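Q: So that you have it, the file is structure-v2.cif, and it contains mmCIF, C-alpha atoms:
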data_target
#
loop_
_atom_site.label_atom_id
_atom_site.label_comp_id
_atom_site.auth_asym_id
_atom_site.auth_seq_id
_atom_site.Cartn_x
_atom_site.Cartn_y
_atom_site.Cartn_z
CA MET A 1 0.00 0.00 0.00
CA SER A 2 1.53 3.27 -1.06
CA ALA A 3 1.09 6.04 1.46
CA GLU A 4 0.62 8.88 -1.01
CA PRO A 5 -1.34 12.05 -0.21
CA ASP A 6 -4.90 12.67 -1.25
CA THR A 7 -4.76 14.67 -4.47
CA GLU A 8 -8.24 16.14 -4.20
CA SER A 9 -7.21 19.28 -2.40
CA ARG A 10 -7.96 22.48 -4.25
CA ALA A 11 -4.64 23.97 -3.25
CA ARG A 12 -1.35 22.75 -1.94
CA PRO A 13 -0.93 23.13 1.83
CA SER A 14 1.05 26.09 3.06
CA SER A 15 4.74 25.42 3.52
CA ARG A 16 5.06 28.02 6.28
CA VAL A 17 5.03 27.07 9.94
CA GLY A 18 4.82 30.12 12.19
CA ALA A 19 6.94 30.34 15.33
CA ARG A 20 3.86 31.30 17.36
CA LEU A 21 2.04 28.12 16.30
CA VAL A 22 5.04 25.91 17.04
CA LEU A 23 5.51 27.46 20.48
CA SER A 24 1.84 27.18 21.37
CA LEU A 25 1.69 23.53 20.31
CA ALA A 26 4.92 22.83 22.17
CA SER A 27 3.62 24.40 25.37
CA GLY A 28 0.86 21.83 25.76
CA ARG A 29 3.16 18.90 25.03
CA VAL A 30 5.92 20.16 27.29
CA ALA A 31 3.45 20.54 30.13
CA PHE A 32 2.16 17.01 29.61
CA ARG A 33 5.64 15.48 29.44
CA VAL A 34 6.87 17.36 32.51
CA VAL A 35 3.83 16.24 34.50
CA THR A 36 4.27 12.68 33.29
CA TYR A 37 7.95 12.61 34.29
CA GLY A 38 7.35 14.37 37.59
CA SER A 39 4.57 11.95 38.47
CA GLY A 40 7.07 9.09 38.67
CA ILE A 41 9.13 10.90 41.30
CA ILE A 42 6.03 11.84 43.33
CA LEU A 43 4.57 8.34 43.13
CA LEU A 44 7.86 6.87 44.36
CA ALA A 45 7.73 9.21 47.36
CA ALA A 46 4.07 8.35 48.00
CA TRP A 47 4.26 4.55 47.73
CA GLY A 48 7.81 3.66 48.58
CA GLU A 49 10.10 1.46 46.54
CA GLU A 50 8.15 -1.81 46.72
CA ASP A 51 4.79 -0.52 45.44
CA PHE A 52 6.46 1.79 42.93
CA ASN A 53 8.44 -1.11 41.45
CA ARG A 54 5.19 -3.07 41.18
CA TYR A 55 3.56 -0.14 39.40
CA ALA A 56 6.55 0.38 37.09
CA ALA A 57 6.71 -3.32 36.22
CA ALA A 58 3.11 -3.08 34.99
CA ALA A 59 3.13 0.40 33.44
CA GLY A 60 6.49 0.19 31.69
CA PRO A 61 5.72 -2.72 29.32
CA MET A 62 2.40 -1.08 28.34
CA LEU A 63 3.80 2.28 27.21
CA TRP A 64 4.11 1.10 23.61
CA LEU A 65 0.33 0.69 23.39
CA THR A 66 -0.10 4.47 23.21
CA GLY A 67 2.07 4.58 20.11
CA LEU A 68 0.36 1.52 18.66
CA VAL A 69 -3.00 3.28 18.84
CA ALA A 70 -1.94 6.86 18.15
CA ALA A 71 1.24 7.15 16.07
CA GLY A 72 0.01 5.94 12.70
CA PRO A 73 -3.52 7.41 12.79
CA GLU A 74 -2.22 10.72 14.16
CA LYS A 75 0.42 11.14 11.44
CA ALA A 76 -2.00 9.97 8.74
CA ALA A 77 -4.63 12.46 9.90
CA LEU A 78 -2.15 15.34 9.86
CA LYS A 79 -1.03 14.39 6.37
CA LEU A 80 -4.31 13.47 4.64
CA VAL A 81 -7.16 15.37 6.30
CA PRO A 82 -5.92 18.94 5.57
CA ARG A 83 -5.49 18.01 1.89
CA SER A 84 -8.92 16.47 1.44
CA ARG A 85 -12.15 18.20 0.46
CA ARG A 86 -14.83 15.94 -0.95
CA THR A 87 -13.66 12.86 0.98
CA ARG A 88 -12.95 14.58 4.29
CA GLY A 89 -15.86 12.77 5.93
CA ASP A 90 -14.53 9.41 4.66
CA LEU A 91 -11.24 10.11 6.43
CA VAL A 92 -12.53 11.70 9.63
CA MET A 93 -15.35 9.22 10.31
CA PRO A 94 -13.21 6.07 10.81
CA LEU A 95 -10.76 7.99 12.99
CA ARG A 96 -13.62 9.41 15.04
CA SER A 97 -15.06 5.90 15.44
CA LEU A 98 -11.67 4.58 16.56
CA CYS A 99 -11.49 7.20 19.31
CA ALA A 100 -15.12 6.66 20.36
CA TYR A 101 -15.42 2.88 20.44
CA LEU A 102 -11.98 1.38 21.04
CA PRO A 103 -11.84 2.49 24.72
CA VAL A 104 -15.22 0.96 25.61
CA PRO A 105 -14.26 -2.74 26.05
CA PHE A 106 -11.06 -1.90 27.89
CA VAL A 107 -12.67 0.51 30.34
CA THR A 108 -15.43 -2.05 30.96
CA ALA A 109 -12.90 -4.83 31.55
CA VAL A 110 -11.00 -2.74 34.10
CA ALA A 111 -14.22 -1.85 35.91
CA VAL A 112 -15.12 -5.53 36.22
CA ALA A 113 -11.60 -6.53 37.29
CA VAL A 114 -11.48 -3.84 39.99
CA VAL A 115 -14.70 -5.22 41.46
CA VAL A 116 -13.71 -8.89 41.24
CA ALA A 117 -9.99 -8.75 42.15
CA PRO A 118 -9.05 -5.17 43.06
CA GLU A 119 -5.46 -5.79 44.20
CA SER A 120 -4.41 -8.61 41.89
CA THR A 121 -1.46 -8.31 39.52
CA PRO A 122 -3.60 -9.08 36.42
CA THR A 123 -5.91 -6.18 37.36
CA LEU A 124 -2.91 -3.88 37.73
CA TRP A 125 -1.57 -4.86 34.31
CA LEU A 126 -5.00 -4.58 32.71
CA ALA A 127 -5.50 -1.09 34.14
CA ALA A 128 -2.07 -0.03 32.87
CA ALA A 129 -2.81 -1.37 29.39
CA ALA A 130 -6.26 0.21 29.22
CA GLY A 131 -4.87 3.56 30.33
CA GLN A 132 -2.35 3.64 27.50
CA ILE A 133 -4.95 2.59 24.90
CA VAL A 134 -7.41 5.29 25.96
CA LEU A 135 -4.59 7.84 26.05
CA GLY A 136 -3.72 6.86 22.47
CA CYS A 137 -7.31 7.46 21.38
CA THR A 138 -7.25 10.84 23.09
CA LEU A 139 -4.09 11.86 21.23
CA VAL A 140 -5.67 10.87 17.91
CA ALA A 141 -8.74 12.97 18.70
CA ILE A 142 -6.52 15.95 19.57
CA ALA A 143 -4.63 15.52 16.29
CA LEU A 144 -7.92 15.50 14.39
CA PHE A 145 -8.77 18.96 15.73
CA ARG A 146 -5.42 20.29 14.51
CA ALA A 147 -5.80 18.54 11.15
CA LEU A 148 -9.17 20.27 10.79
CA GLY A 149 -7.58 23.68 11.32
CA ARG A 150 -8.32 24.11 15.03
CA PRO A 151 -4.88 24.19 16.71
CA GLY A 152 -6.30 26.03 19.70
CA ARG A 153 -8.17 22.90 20.72
CA ASP A 154 -4.88 20.98 20.49
CA VAL A 155 -3.22 23.23 23.08
CA ALA A 156 -6.27 23.37 25.34
CA HIS A 157 -6.72 19.61 25.49
CA TYR A 158 -3.05 18.87 26.10
CA LEU A 159 -3.13 21.30 29.01
CA THR A 160 -6.33 19.68 30.28
CA LEU A 161 -4.74 16.25 30.02
CA SER A 162 -1.74 17.56 31.97
CA ALA A 163 -4.00 19.02 34.65
CA ALA A 164 -5.96 15.76 34.98
CA THR A 165 -2.74 13.79 35.44
CA ALA A 166 -1.47 16.30 38.00
CA VAL A 167 -4.72 16.03 39.96
CA ALA A 168 -4.54 12.22 39.98
CA VAL A 169 -0.92 12.29 41.16
CA GLY A 170 -1.65 14.92 43.82
CA LEU A 171 -4.56 12.93 45.24
CA THR A 172 -2.39 9.82 45.26
CA TYR A 173 0.33 11.61 47.23
CA VAL A 174 -2.20 12.82 49.81
CA THR A 175 -4.38 9.71 50.20
CA ARG A 176 -1.84 6.92 49.37
CA PRO A 177 -4.16 4.60 47.40
CA SER A 178 -2.78 1.43 45.82
CA PRO A 179 -1.28 1.46 42.30
CA VAL A 180 -4.45 -0.19 40.96
CA VAL A 181 -6.65 2.58 42.33
CA TYR A 182 -4.33 5.25 40.91
CA LEU A 183 -4.32 3.69 37.44
CA ALA A 184 -8.08 3.16 37.48
CA GLY A 185 -8.68 6.77 38.50
CA LEU A 186 -6.33 8.11 35.82
CA LEU A 187 -8.07 5.86 33.29
CA ALA A 188 -11.46 7.31 34.26
CA LEU A 189 -10.23 10.89 33.90
CA THR A 190 -8.69 10.18 30.49
CA ALA A 191 -11.83 8.37 29.31
CA VAL A 192 -14.01 11.34 30.26
CA LEU A 193 -11.72 13.75 28.40
CA ASN A 194 -11.69 11.44 25.39
CA THR A 195 -15.49 11.37 25.34
CA ILE A 196 -15.64 15.19 25.42
CA LEU A 197 -13.16 15.36 22.55
CA VAL A 198 -15.07 12.90 20.39
CA ARG A 199 -18.40 14.64 20.97
CA GLY A 200 -16.81 17.95 19.97
CA LEU A 201 -15.44 16.71 16.64
CA PRO A 202 -17.37 18.07 13.65
CA ARG A 203 -19.17 15.67 11.32
CA TYR A 204 -18.75 15.70 7.56
CA PRO A 205 -20.74 13.98 4.79
CA VAL A 206 -19.47 10.52 3.92
CA THR A 207 -19.23 9.93 0.16
CA GLY A 208 -18.29 6.25 0.25
CA VAL A 209 -15.30 6.68 -2.09
CA ARG A 210 -13.58 3.29 -2.04
CA ARG A 211 -9.99 4.46 -2.08
CA ALA A 212 -10.27 6.77 0.93
CA ARG A 213 -10.19 4.15 3.67
CA PRO A 214 -7.45 1.96 2.12
CA LEU A 215 -5.37 5.11 1.67
CA LEU A 216 -5.92 6.07 5.29
CA ALA A 217 -5.12 2.55 6.55
CA GLY A 218 -1.99 2.18 4.43
CA THR A 219 -0.66 5.59 5.41
CA ALA A 220 -1.33 4.92 9.10
CA VAL A 221 0.49 1.58 9.07
CA LEU A 222 3.57 2.74 7.17
CA MET A 223 3.93 6.02 9.06
CA GLY A 224 3.24 4.43 12.44
CA LEU A 225 5.79 1.62 12.41
CA PRO A 226 8.89 3.81 12.86
CA GLU A 227 7.43 5.10 16.14
CA VAL A 228 5.51 2.06 17.38
CA LEU A 229 8.30 -0.50 17.03
CA PRO A 230 10.98 1.46 18.95
CA THR A 231 8.50 2.02 21.78
CA ALA A 232 7.62 -1.69 21.76
CA ALA A 233 11.31 -2.56 21.94
CA THR A 234 11.72 -0.28 24.97
CA SER A 235 8.73 -1.90 26.67
CA LEU A 236 10.17 -5.37 26.08
CA LEU A 237 13.28 -4.37 28.00
CA TYR A 238 11.09 -4.35 31.13
CA VAL A 239 10.18 -7.97 30.41
CA GLU A 240 13.83 -8.91 29.95
CA LEU A 241 14.64 -7.12 33.20
CA ALA A 242 11.90 -8.98 35.08
CA LEU A 243 13.41 -12.31 34.01
CA THR A 244 16.77 -11.56 35.61
CA ARG A 245 18.13 -11.12 39.14
CA HIS A 246 17.75 -7.36 38.57
CA ALA A 247 13.92 -7.44 38.57
CA GLY A 248 13.93 -4.88 41.39
CA ASP A 249 15.41 -2.30 39.00
CA SER A 250 12.05 -1.73 37.26
CA GLY A 251 11.47 1.53 39.12
CA LEU A 252 14.91 2.89 38.19
CA LEU A 253 14.37 1.99 34.54
CA PHE A 254 10.92 3.60 34.58
CA LEU A 255 12.30 6.89 35.93
CA ALA A 256 15.17 6.94 33.44
CA LEU A 257 12.98 6.14 30.45
CA SER A 258 10.37 8.70 31.52
CA GLY A 259 13.08 11.32 31.22
CA TRP A 260 14.20 9.85 27.89
CA SER A 261 10.65 10.14 26.58
CA LEU A 262 10.87 13.90 27.16
CA LEU A 263 13.81 14.06 24.76
CA THR A 264 12.38 11.74 22.10
CA ALA A 265 9.05 13.57 22.19
CA VAL A 266 10.83 16.75 21.03
CA SER A 267 11.99 15.17 17.76
CA TYR A 268 8.61 13.58 17.09
CA PHE A 269 6.82 16.86 17.77
CA LEU A 270 9.07 18.85 15.45
CA GLN A 271 8.57 16.28 12.71
CA ARG A 272 4.79 16.59 12.98
CA ALA A 273 4.92 20.38 13.08
CA PHE A 274 7.12 20.69 9.98
CA GLN A 275 5.92 17.67 8.02
CA PRO A 276 3.75 19.61 5.49
CA ALA A 277 6.63 21.99 4.70
CA THR A 278 9.13 19.15 4.43
CA SER A 279 6.81 17.13 2.22
CA LEU A 280 6.67 20.02 -0.27
CA ARG A 281 10.40 20.72 -0.11
CA VAL A 282 11.55 17.16 -0.90
CA THR A 283 9.57 16.72 -4.11
CA GLY A 284 11.13 16.89 -7.59
CA GLU A 285 14.77 17.98 -7.45
CA GLY A 286 14.47 18.28 -3.70
CA ALA A 287 14.12 14.50 -3.45
CA VAL A 288 17.70 13.95 -4.61
CA LYS A 289 19.03 16.44 -2.05
CA ALA A 290 16.93 14.90 0.72
CA ARG A 291 18.20 11.38 -0.02
CA GLU A 292 21.80 12.62 -0.07
CA ARG A 293 21.28 14.39 3.24
CA ALA A 294 19.67 11.28 4.76
CA PHE A 295 22.65 9.20 3.57
CA LEU A 296 25.22 11.51 5.15
CA ILE A 297 23.26 11.80 8.40
CA ALA A 298 22.90 8.02 8.64
CA ARG A 299 26.65 7.58 8.23
CA VAL A 300 27.34 10.04 11.05
CA THR A 301 24.73 8.30 13.22
CA VAL A 302 26.43 4.94 12.82
CA GLY A 303 29.79 6.38 13.84
CA LEU A 304 28.41 8.14 16.91
CA THR A 305 26.47 5.09 18.07
CA VAL A 306 29.42 2.71 17.71
CA VAL A 307 31.57 4.99 19.87
CA TRP A 308 28.75 5.41 22.43
CA LEU A 309 28.12 1.64 22.66
CA ALA A 310 31.80 0.87 23.09
CA LEU A 311 32.08 3.36 25.95
CA ALA A 312 28.81 2.31 27.62
CA VAL A 313 29.56 -1.41 27.53
CA THR A 314 33.06 -0.75 28.89
CA VAL A 315 31.75 1.22 31.86
CA LEU A 316 28.72 -1.04 32.52
CA PRO A 317 30.52 -3.71 34.66
CA THR A 318 32.34 -1.10 36.77
CA ASP A 319 31.45 0.47 40.10
CA LEU A 320 30.54 3.70 38.29
CA ALA A 321 27.40 2.07 36.92
CA THR A 322 26.45 0.08 40.01
CA ALA A 323 27.09 2.73 42.67
CA ARG A 324 24.91 5.43 41.08
CA PRO A 325 22.80 3.67 38.45
CA LEU A 326 20.30 6.50 37.92
CA TRP A 327 23.06 9.03 37.33
CA PHE A 328 24.80 6.62 34.97
CA MET A 329 21.61 6.17 32.96
CA ALA A 330 20.84 9.89 32.85
CA VAL A 331 24.32 10.85 31.65
CA PHE A 332 24.49 8.16 29.00
CA LEU A 333 20.99 8.87 27.72
CA LEU A 334 21.87 12.55 27.34
CA ALA A 335 25.06 11.59 25.52
CA HIS A 336 23.05 9.37 23.18
CA ALA A 337 20.42 12.03 22.39
CA PRO A 338 22.29 13.50 19.36
CA ALA A 339 22.51 10.09 17.67
CA HIS A 340 18.82 9.50 18.28
CA ALA A 341 17.88 12.90 16.84
CA LEU A 342 20.03 12.33 13.76
CA ALA A 343 18.68 8.84 13.08
CA SER A 344 15.13 10.07 13.52
CA TYR A 345 15.67 12.99 11.15
CA SER A 346 17.30 10.80 8.50
CA ALA A 347 14.32 8.43 8.54
CA PHE A 348 11.91 11.38 8.53
CA LEU A 349 13.45 12.77 5.33
CA LEU A 350 13.06 9.43 3.56
CA GLU A 351 9.45 9.06 4.72
CA ASN A 352 8.53 12.28 2.99
CA VAL A 353 10.52 11.68 -0.21
CA SER A 354 8.62 8.68 -1.48
CA ALA A 355 6.80 5.46 -0.67
CA THR A 356 10.11 3.63 -1.14
CA GLY A 357 11.67 5.83 1.52
CA LEU A 358 8.72 5.19 3.81
CA ARG A 359 9.24 1.44 3.45
CA THR A 360 12.96 1.86 4.14
CA SER A 361 12.13 3.68 7.36
CA ALA A 362 9.70 0.94 8.41
CA VAL A 363 12.24 -1.82 7.68
CA GLY A 364 14.85 0.05 9.71
CA ALA A 365 12.49 0.25 12.68
CA ALA A 366 11.76 -3.48 12.48
CA THR A 367 15.45 -4.31 12.28
CA GLY A 368 16.18 -1.97 15.16
CA THR A 369 13.53 -3.58 17.34
CA ALA A 370 15.11 -6.99 16.87
CA ALA A 371 18.53 -5.48 17.59
CA VAL A 372 17.38 -3.89 20.87
CA ILE A 373 15.82 -7.14 22.07
CA GLY A 374 18.90 -9.16 21.12
CA THR A 375 21.30 -6.69 22.70
CA GLY A 376 19.16 -6.48 25.82
CA ALA A 377 19.35 -10.25 26.22
CA LEU A 378 23.09 -9.75 26.76
CA THR A 379 23.33 -6.41 28.57
CA VAL A 380 20.31 -6.59 30.90
CA PRO A 381 21.50 -9.72 32.79
CA LEU A 382 24.94 -8.11 33.02
CA GLY A 383 23.95 -4.66 34.26
CA GLY A 384 20.24 -4.54 35.13
CA ALA A 385 18.54 -1.22 34.34
CA PRO A 386 21.80 0.41 33.13
CA GLY A 387 22.22 -2.58 30.82
CA ALA A 388 18.79 -1.92 29.38
CA ILE A 389 19.84 1.67 28.64
CA CYS A 390 22.86 0.35 26.75
CA ALA A 391 20.59 -1.85 24.63
CA LEU A 392 18.55 1.14 23.45
CA ALA A 393 21.40 2.35 21.21
CA ALA A 394 21.04 -0.76 19.06
CA MET A 395 17.95 0.89 17.54
CA GLU A 396 19.84 3.89 16.17
CA LEU A 397 22.70 1.67 15.02
CA ALA A 398 20.35 -0.61 13.07
CA VAL A 399 18.31 2.27 11.61
CA GLY A 400 21.45 4.16 10.58
CA LEU A 401 23.03 1.09 9.00
CA ASN A 402 19.84 0.23 7.13
CA ILE A 403 19.52 3.71 5.62
CA TRP A 404 23.24 4.02 4.90
CA LEU A 405 23.53 0.66 3.12
CA ARG A 406 20.31 1.04 1.12
CA LEU A 407 21.13 4.54 -0.06
CA ARG A 408 24.74 3.64 -0.81
CA SER A 409 23.47 0.87 -3.06
CA ALA A 410 21.00 3.26 -4.71
CA ARG A 411 23.73 5.84 -5.35
CA ARG A 412 25.58 3.33 -7.51
CA LYS A 413 22.62 3.01 -9.86
CA PRO A 414 21.11 5.63 -12.18
CA ALA A 415 18.51 7.70 -10.37
CA THR A 416 15.12 6.35 -11.43
CA GLU A 417 12.96 7.86 -8.72
CA GLU A 418 12.31 11.55 -8.15
CA GLY A 419 9.74 11.22 -5.39
CA GLU A 420 7.05 8.71 -6.02
#
If you took the structure in this file and wrote it as structure tokens, what would it be?

A:
Amino acid sequence: MSAEPDTESRARPSSRVGARLVLSLASGRVAFRVVTYGSGIILLAAWGEEDFNRYAAAAGPMLWLTGLVAAGPEKAALKLVPRSRRTRGDLVMPLRSLCAYLPVPFVTAVAVAVVVAPESTPTLWLAAAAGQIVLGCTLVAIALFRALGRPGRDVAHYLTLSAATAVAVGLTYVTRPSPVVYLAGLLALTAVLNTILVRGLPRYPVTGVRRARPLLAGTAVLMGLPEVLPTAATSLLYVELALTRHAGDSGLLFLALSGWSLLTAVSYFLQRAFQPATSLRVTGEGAVKARERAFLIARVTVGLTVVWLALAVTVLPTDLATARPLWFMAVFLLAHAPAHALASYSAFLLENVSATGLRTSAVGAATGTAAVIGTGALTVPLGGAPGAICALAAMELAVGLNIWLRLRSARRKPATEEGE
């Protein structure tokens, strides 16, 4: 399925992205990420290490579900909906239905589980999973408002989501409920906000054009994989950690990766904000320049990641990593941030050049996921949570190598593609 844009638009989208719009959109996301990261520290203080580790062991592996639900549909909505006219209803309606109906069985299941077995581990894991799924639906609904030309609703709802999370965390700190109660309460707040969002979405006539839904589905799948698979790989590191003698490090890993998510969210946000402008810039002759830039960036990424991995694995067995594991993870994650940003940008350029580039990005993400899991099988038993941090770099190494090798091969052949 080729993820090409809807060509029905009467005019090409504007290539300009105002600083005021970017800052306003960023404000809501920054607030949400800061609250999310801060909540981990407050919850640790409220519950103590034992309950917090239990919470982190359940919440950590479920984080990828938000991306599974939201990443592809959100990016597809931002790409296709603004460019549609006659088939706008055919695109908005299935996304609206996803946000409205997907949460229902999961919220119901959690409600039943809380009544039947309120403090059981399966209930805790179910509540964590349902919370991430409903959050994903909420993010898709927010993206739909922006795709429909209402960015003010985007900012307002992100701030509301931040406030709801802050309230849930504050009440938890004061009243000390169990992790199950906290997750169930946060789920209820998110579900209510999601319902308000869905009811506020405008309705458009549905024409029944056959190609609209396959186009939407194909675009969502191909554009979602490069974000979903890395998040899934990160979540699986919690599982690998739980199977070792370092199972008690789940809380440390959760805190470190919550901070890491703040950094990765910046690159994903900037990509979404500038995607329409980039999509226009890399067509025609711009496609050749974009592929060359992606090739050079990928080569630099590989070099940086190899050096980082060599240093991290060397330090991992030493007292420096074991004496202050959280500091070790924070420093090494910050040192790895440039390689992550470069790899992400290289893949982003290819995604917007052509369908072939989009497939290359998806293959790189799949390869990187396998690399993280395989590397974690070696480093997690050796170093616990710091070992899991070391394994993360395998994603950027695999993505960079995939792009570098594919584009190097393409450079040796006559250029036959100028942006499909």

Q: Need the shell around Thr234 of chain A: protein/DNA/RNA residues with any atom at most 12 Å away, counting all atoms listed in the file. Skip same-chain ones fewer than 4 positions apart. Format as an NGL selection string?

A: :A and (60-65 or 67 or 227-230 or 238-241 or 253-254 or 256-258 or 260-261 or 368-373 or 375-376 or 385 or 388-395)

Q: Go through A:Leu201, A:Ile297, A:Leu382, A:Ile133 and flag the residue nearest Leu316 of chain A, using only C-alpha atoms for the distances.

A: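 Residue with the minimum atom-to-atom distance to Leu316 of chain A: A:Leu382.
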
Q: Do you have the atom CA of Phe52 of chain A-atom CA of Asp319 of chain A distance handy?

A: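 One can read the atom CA of Phe52 of chain A to atom CA of Asp319 of chain A distance as 25.2 Å.
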
Q: Here's the selection I'm unsure about, the PyMOL selection byres ((chain A and resi 327) around 12); applied to the file above, which residues does it give, as a PyMOL selection string?

A: chain A and resi 252-253+255-256+259+320-326+328-334+385-386+389

Q: Output C-alpha atoms of each residue in that selection to a file, as a PDB file, in the frame of the given file.

A:
ATOM      1  CA  LEU A 252      14.910   2.890  38.190  1.00  0.00           C
ATOM      2  CA  LEU A 253      14.370   1.990  34.540  1.00  0.00           C
ATOM      3  CA  LEU A 255      12.300   6.890  35.930  1.00  0.00           C
ATOM      4  CA  ALA A 256      15.170   6.940  33.440  1.00  0.00           C
ATOM      5  CA  GLY A 259      13.080  11.320  31.220  1.00  0.00           C
ATOM      6  CA  LEU A 320      30.540   3.700  38.290  1.00  0.00           C
ATOM      7  CA  ALA A 321      27.400   2.070  36.920  1.00  0.00           C
ATOM      8  CA  THR A 322      26.450   0.080  40.010  1.00  0.00           C
ATOM      9  CA  ALA A 323      27.090   2.730  42.670  1.00  0.00           C
ATOM     10  CA  ARG A 324      24.910   5.430  41.080  1.00  0.00           C
ATOM     11  CA  PRO A 325      22.800   3.670  38.450  1.00  0.00           C
ATOM     12  CA  LEU A 326      20.300   6.500  37.920  1.00  0.00           C
ATOM     13  CA  PHE A 328      24.800   6.620  34.970  1.00  0.00           C
ATOM     14  CA  MET A 329      21.610   6.170  32.960  1.00  0.00           C
ATOM     15  CA  ALA A 330      20.840   9.890  32.850  1.00  0.00           C
ATOM     16  CA  VAL A 331      24.320  10.850  31.650  1.00  0.00           C
ATOM     17  CA  PHE A 332      24.490   8.160  29.000  1.00  0.00           C
ATOM     18  CA  LEU A 333      20.990   8.870  27.720  1.00  0.00           C
ATOM     19  CA  LEU A 334      21.870  12.550  27.340  1.00  0.00           C
ATOM     20  CA  ALA A 385      18.540  -1.220  34.340  1.00  0.00           C
ATOM     21  CA  PRO A 386      21.800   0.410  33.130  1.00  0.00           C
ATOM     22  CA  ILE A 389      19.840   1.670  28.640  1.00  0.00           C
TER      23      ILE A 389
END

Q: I need the residue nearest Val69 of chain A from this list: A:Leu225, A:Asp51, A:Leu25, A:Arg146. Use all atoms listed in the file for the distance.

A: A:Leu225

Q: Check the smallest atom-to-atom distance from each of A:Val300, A:Ala57, A:Leu135, A:Val110 to Ala247 of chain A using all atoms listed in the file, then report the winner.

A: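 Looking only at the distances to Ala247 of chain A, the closest residue turns out to be A:Ala57.
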
Q: For each of A:Phe348, A:Leu98, A:Ala184, A:Gly364, take the minimum atom-to-atom distance to Ala130 of chain A, counting only C-alpha atoms, then give the residue where this is smallest.

A: A:Ala184

Q: So which residues get picked by the PyMOL selection byres ((chain A and resi 71) around 9) here, written as a list of chain:residue names?

A: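 Taken over the shown coordinates, the PyMOL selection byres ((chain A and resi 71) around 9) returns A:Thr66, A:Gly67, A:Leu68, A:Val69, A:Ala70, A:Gly72, A:Pro73, A:Glu74, A:Lys75, A:Ala76, A:Gly136, A:Leu139, A:Val140, A:Ala220, A:Val221, A:Met223, A:Gly224, A:Leu225, A:Pro226, A:Glu227, A:Val228.
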
Q: Any chance you could model all heavy atoms for segment 248-252 of chain A and send them as a PDB file, in the coordinates of the input?

A:
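Writing the result to rebuild-v9.pdb gives the following:
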ATOM      1  N   GLY A 248      14.222  -6.017  40.525  1.00  0.00           N
ATOM      2  CA  GLY A 248      13.930  -4.880  41.390  1.00  0.00           C
ATOM      3  C   GLY A 248      14.338  -3.535  40.809  1.00  0.00           C
ATOM      4  O   GLY A 248      14.060  -2.488  41.404  1.00  0.00           O
ATOM      5  N   ASP A 249      14.988  -3.552  39.635  1.00  0.00           N
ATOM      6  CA  ASP A 249      15.410  -2.300  39.000  1.00  0.00           C
ATOM      7  C   ASP A 249      14.312  -1.677  38.131  1.00  0.00           C
ATOM      8  O   ASP A 249      14.570  -0.662  37.454  1.00  0.00           O
ATOM      9  CB  ASP A 249      16.634  -2.543  38.102  1.00  0.00           C
ATOM     10  CG  ASP A 249      17.915  -2.734  38.899  1.00  0.00           C
ATOM     11  OD1 ASP A 249      17.862  -2.625  40.139  1.00  0.00           O
ATOM     12  OD2 ASP A 249      18.965  -3.003  38.277  1.00  0.00           O
ATOM     13  N   SER A 250      13.112  -2.239  38.137  1.00  0.00           N
ATOM     14  CA  SER A 250      12.050  -1.730  37.260  1.00  0.00           C
ATOM     15  C   SER A 250      11.756  -0.258  37.525  1.00  0.00           C
ATOM     16  O   SER A 250      11.523   0.520  36.600  1.00  0.00           O
ATOM     17  CB  SER A 250      10.772  -2.560  37.435  1.00  0.00           C
ATOM     18  OG  SER A 250      10.961  -3.881  37.003  1.00  0.00           O
ATOM     19  N   GLY A 251      11.758   0.133  38.788  1.00  0.00           N
ATOM     20  CA  GLY A 251      11.470   1.530  39.120  1.00  0.00           C
ATOM     21  C   GLY A 251      12.538   2.473  38.586  1.00  0.00           C
ATOM     22  O   GLY A 251      12.218   3.545  38.063  1.00  0.00           O
ATOM     23  N   LEU A 252      13.823   2.072  38.720  1.00  0.00           N
ATOM     24  CA  LEU A 252      14.910   2.890  38.190  1.00  0.00           C
ATOM     25  C   LEU A 252      14.796   3.047  36.678  1.00  0.00           C
ATOM     26  O   LEU A 252      14.962   4.140  36.132  1.00  0.00           O
ATOM     27  CB  LEU A 252      16.258   2.244  38.528  1.00  0.00           C
ATOM     28  CG  LEU A 252      16.774   2.409  39.959  1.00  0.00           C
ATOM     29  CD1 LEU A 252      18.048   1.597  40.146  1.00  0.00           C
ATOM     30  CD2 LEU A 252      17.038   3.875  40.266  1.00  0.00           C
TER      31      LEU A 252
END
